[in-house]
Amino acid sequence: MKTNNLKGSIILFITAIIWGTSFVAQSEGMKLIQPFTYNSIRTLIGGAVLVPVILVFRAAAKRSGDYKKLNVRVTLIGGICCGLALCIASSFQQVGIVYTTAGKSGFITALYVIIVPILELLLGRKQGKKIWLCVFLAIVGFRLLCIKNDFSINFGDALTLICAVFFACHIIVIDRFLERGADGMVMACVQFFTAGLVMLACMFLFETPRLDRIFDAGGSILYAGVMSCSVAYTMQIIGQRYTAPTIATLIMSLESVFAVLSGWLILGEQLSLKELFGCCLVFSAVIIAQVSFPERKNNQKILS
């Protein structure tokens, strides 16, 4: 089983920053166009941007002698599975937010923090007490960060909970296919084209896309497509190569914290003392998850 690695943690931390700051661009873009239109275009952009990057990296690997033969079957199947999970999760989140508040949507989506270790447990991978403590701290932090009024469950909340389950499945699927030898960058590219094409079909079935509005939201779509999709999701896959799924989940959950902080810094949104304390709790959970505590050893006297 993989152990936590500083390299993977740093990559995933940067991923969380990108996702969190991308929330500002996404919230602005969603004011102009509909969910499937927004998601399909930005996801396809993410895949298109990765194609030349992959070609350059593989050409450089050939010249340096570090070239590894692509496991086409595993990478292709992994990319399609990841793409379907990403498509379902994103779609349920976008539809669910229509029927619930942004705060509740953020909190419920963040429940993938606890769904991942539960799924890992069901798959036969035991989780230590420290991980469950970190999960508890993170959930309390998200509660303070995202929920401002009394918590009650409605139709939108149920849809968002399904979204959280599929985001958790997305993390598990990535981990499993990387273990089987999938190429991370190529798998990310296949993932984007799979999710993008499915959502593109949904766009024409359920929405009425307008070219002028798409161009009006062009800056937001481009930023989300290049940074949130192409860069961040690819970094997620690379970072998970070095990091256990439960630890990776905690680090990536900082997305919600950075979303609040970026809204405060960029959009001038208010950050209350309760929300600030919630941010601190989530940060604490991630830091504790990174710390390795020495194991107790029974001291035995050496008899001569």
# chains A, B, ... in the order shown; residues from 1 in each chain; ligands from 1

$ select_by_dssp --residues "range 148-286 of chain A" --states "helix (DSSP H, G or I)" --output "PyMOL selection string"
chain A and resi 155-179+184-206+211-216+218-240+245-252+254-266+273-286

$ residues_around --residues "Lys7 in chain A" --least-positions-apart "4" --cutoff "8 Å" --atoms "only C-alpha atoms" --output "list in words"
Ile11, Gly239 and Tyr242 of chain A

$ write_last_selection --atoms "N, CA and C atoms" --output "tab-separated table (two decimals), in the first residue's frame"
chain	number	residue	atom	x	y	z
A	11	ILE	N	1.87	18.48	-4.59
A	11	ILE	CA	1.13	18.53	-5.86
A	11	ILE	C	-0.36	18.66	-5.60
A	239	GLY	N	-0.46	13.46	-8.44
A	239	GLY	CA	-0.28	13.51	-6.98
A	239	GLY	C	-0.74	12.24	-6.30
A	242	TYR	N	1.57	9.19	-5.64
A	242	TYR	CA	2.49	9.16	-4.50
A	242	TYR	C	1.78	9.22	-3.14

$ residues_around --residues "Phe92 in chain A" --least-positions-apart "5" --cutoff "12 Å" --atoms "only C-alpha atoms" --output "VMD selection string"
chain A and resid 35 to 36 39 85 to 87 97 to 99 105 108 to 109 155 to 167 199

$ atom_distance --atom1 "CA of Leu211 in chain A" --atom2 "CA of Ser262 in chain A"
29.3 Å

$ closest_atom_pairs --of "range 49-119 of chain A" --to "range 188-195 of chain A" --cutoff "9 Å" --atoms "only C-alpha atoms" --output "CSV"
residue,atom,partner,partner_atom,distance
A:Val49,CA,A:Cys189,CA,8.7
A:Leu50,CA,A:Cys189,CA,6.1
A:Val51,CA,A:Cys189,CA,7.1
A:Ile54,CA,A:Cys189,CA,8.7
A:Thr75,CA,A:Val190,CA,8.3
A:Leu76,CA,A:Val190,CA,6.7
A:Ile77,CA,A:Val190,CA,8.9
A:Gly78,CA,A:Gln191,CA,8.0
A:Gly79,CA,A:Gln191,CA,4.4
A:Ile80,CA,A:Gln191,CA,5.6
A:Cys81,CA,A:Gln191,CA,7.5
A:Cys82,CA,A:Gln191,CA,5.6
A:Gly83,CA,A:Gln191,CA,3.9
A:Leu84,CA,A:Ala195,CA,5.8
A:Ala85,CA,A:Ala195,CA,8.2
A:Leu86,CA,A:Ala195,CA,6.5
A:Cys87,CA,A:Ala195,CA,4.8
A:Ile88,CA,A:Ala195,CA,8.4

$ write_last_selection --atoms "C-alpha atoms" --output "JSON list (two decimals), in the first residue's frame"
[["chain", "number", "residue", "atom", "x", "y", "z"],
["A", 49, "VAL", "CA", -4.84, 21.46, -24.01],
["A", 50, "LEU", "CA", -3.37, 18.18, -22.73],
["A", 51, "VAL", "CA", -2.87, 16.61, -26.18],
["A", 54, "ILE", "CA", 1.46, 14.72, -23.71],
["A", 75, "THR", "CA", -5.02, 3.67, -19.54],
["A", 76, "LEU", "CA", -7.96, 3.82, -21.94],
["A", 77, "ILE", "CA", -10.36, 1.92, -19.65],
["A", 78, "GLY", "CA", -9.16, 3.97, -16.66],
["A", 79, "GLY", "CA", -9.71, 7.25, -18.51],
["A", 80, "ILE", "CA", -13.23, 6.26, -19.58],
["A", 81, "CYS", "CA", -14.17, 5.13, -16.05],
["A", 82, "CYS", "CA", -12.74, 8.34, -14.54],
["A", 83, "GLY", "CA", -14.51, 10.43, -17.19],
["A", 84, "LEU", "CA", -17.89, 8.83, -16.48],
["A", 85, "ALA", "CA", -17.45, 9.30, -12.71],
["A", 86, "LEU", "CA", -16.40, 12.93, -13.22],
["A", 87, "CYS", "CA", -19.30, 13.57, -15.60],
["A", 88, "ILE", "CA", -21.91, 12.14, -13.21]]

$ closest_residue --among "A:Ile214, A:Cys279, A:Met185, A:Glu255" --to "Ser228 in chain A" --atoms "only C-alpha atoms"
A:Glu255

$ residues_around --residues "Leu119 in chain A" --least-positions-apart "2" --cutoff "12 Å" --atoms "only C-alpha atoms" --output "PyMOL selection string"
chain A and resi 112-117+121-127+165-173+245-246

$ atom_distance --atom1 "CA of Lys69 in chain A" --atom2 "CA of Ile174 in chain A"
19.4 Å

$ closest_residue --among "A:Leu250, A:Val260, A:Ala61, A:Gln240" --to "Val282 in chain A" --atoms "only C-alpha atoms"
A:Leu250

$ residues_around --residues "Ile14 in chain A" --least-positions-apart "6" --cutoff "9 Å" --atoms "only C-alpha atoms" --output "PyMOL selection string"
chain A and resi 232+235+252

$ decode --residues "range 161-205 of chain A" --atoms "C-alpha atoms" --output "PDB file, in the first residue's frame"
ATOM      1  CA  LEU A 161     -24.910  13.768  -1.883  1.00  0.00           C
ATOM      2  CA  ILE A 162     -24.939  11.542  -4.995  1.00  0.00           C
ATOM      3  CA  CYS A 163     -22.377  13.948  -6.455  1.00  0.00           C
ATOM      4  CA  ALA A 164     -20.144  13.450  -3.374  1.00  0.00           C
ATOM      5  CA  VAL A 165     -20.364   9.664  -3.742  1.00  0.00           C
ATOM      6  CA  PHE A 166     -19.218   9.841  -7.370  1.00  0.00           C
ATOM      7  CA  PHE A 167     -16.387  12.256  -6.547  1.00  0.00           C
ATOM      8  CA  ALA A 168     -15.252   9.674  -3.981  1.00  0.00           C
ATOM      9  CA  CYS A 169     -15.538   6.930  -6.623  1.00  0.00           C
ATOM     10  CA  HIS A 170     -13.477   9.117  -8.977  1.00  0.00           C
ATOM     11  CA  ILE A 171     -10.638   9.237  -6.430  1.00  0.00           C
ATOM     12  CA  ILE A 172     -10.767   5.466  -5.829  1.00  0.00           C
ATOM     13  CA  VAL A 173     -10.870   4.677  -9.568  1.00  0.00           C
ATOM     14  CA  ILE A 174      -7.793   6.849 -10.208  1.00  0.00           C
ATOM     15  CA  ASP A 175      -5.905   5.053  -7.444  1.00  0.00           C
ATOM     16  CA  ARG A 176      -6.793   1.587  -8.718  1.00  0.00           C
ATOM     17  CA  PHE A 177      -5.840   2.242 -12.358  1.00  0.00           C
ATOM     18  CA  LEU A 178      -2.567   3.936 -11.401  1.00  0.00           C
ATOM     19  CA  GLU A 179      -1.712   0.806  -9.421  1.00  0.00           C
ATOM     20  CA  ARG A 180      -2.370  -1.248 -12.560  1.00  0.00           C
ATOM     21  CA  GLY A 181       0.113   0.828 -14.573  1.00  0.00           C
ATOM     22  CA  ALA A 182      -2.031   3.454 -16.305  1.00  0.00           C
ATOM     23  CA  ASP A 183      -0.283   6.554 -17.676  1.00  0.00           C
ATOM     24  CA  GLY A 184      -1.525   9.464 -15.546  1.00  0.00           C
ATOM     25  CA  MET A 185      -1.476  12.248 -18.148  1.00  0.00           C
ATOM     26  CA  VAL A 186      -2.983  10.169 -20.939  1.00  0.00           C
ATOM     27  CA  MET A 187      -5.657   8.861 -18.559  1.00  0.00           C
ATOM     28  CA  ALA A 188      -6.498  12.463 -17.614  1.00  0.00           C
ATOM     29  CA  CYS A 189      -6.826  13.398 -21.288  1.00  0.00           C
ATOM     30  CA  VAL A 190      -9.150  10.449 -22.028  1.00  0.00           C
ATOM     31  CA  GLN A 191     -11.129  11.371 -18.923  1.00  0.00           C
ATOM     32  CA  PHE A 192     -11.768  14.921 -20.172  1.00  0.00           C
ATOM     33  CA  PHE A 193     -12.865  13.872 -23.651  1.00  0.00           C
ATOM     34  CA  THR A 194     -15.155  11.173 -22.199  1.00  0.00           C
ATOM     35  CA  ALA A 195     -16.820  13.532 -19.716  1.00  0.00           C
ATOM     36  CA  GLY A 196     -16.905  16.412 -22.207  1.00  0.00           C
ATOM     37  CA  LEU A 197     -18.577  14.439 -24.998  1.00  0.00           C
ATOM     38  CA  VAL A 198     -21.237  12.999 -22.665  1.00  0.00           C
ATOM     39  CA  MET A 199     -22.009  16.461 -21.277  1.00  0.00           C
ATOM     40  CA  LEU A 200     -21.989  17.899 -24.808  1.00  0.00           C
ATOM     41  CA  ALA A 201     -24.763  15.447 -25.734  1.00  0.00           C
ATOM     42  CA  CYS A 202     -26.668  16.487 -22.581  1.00  0.00           C
ATOM     43  CA  MET A 203     -26.212  20.139 -23.572  1.00  0.00           C
ATOM     44  CA  PHE A 204     -28.027  19.632 -26.885  1.00  0.00           C
ATOM     45  CA  LEU A 205     -30.691  17.420 -25.273  1.00  0.00           C
TER      46      LEU A 205
END
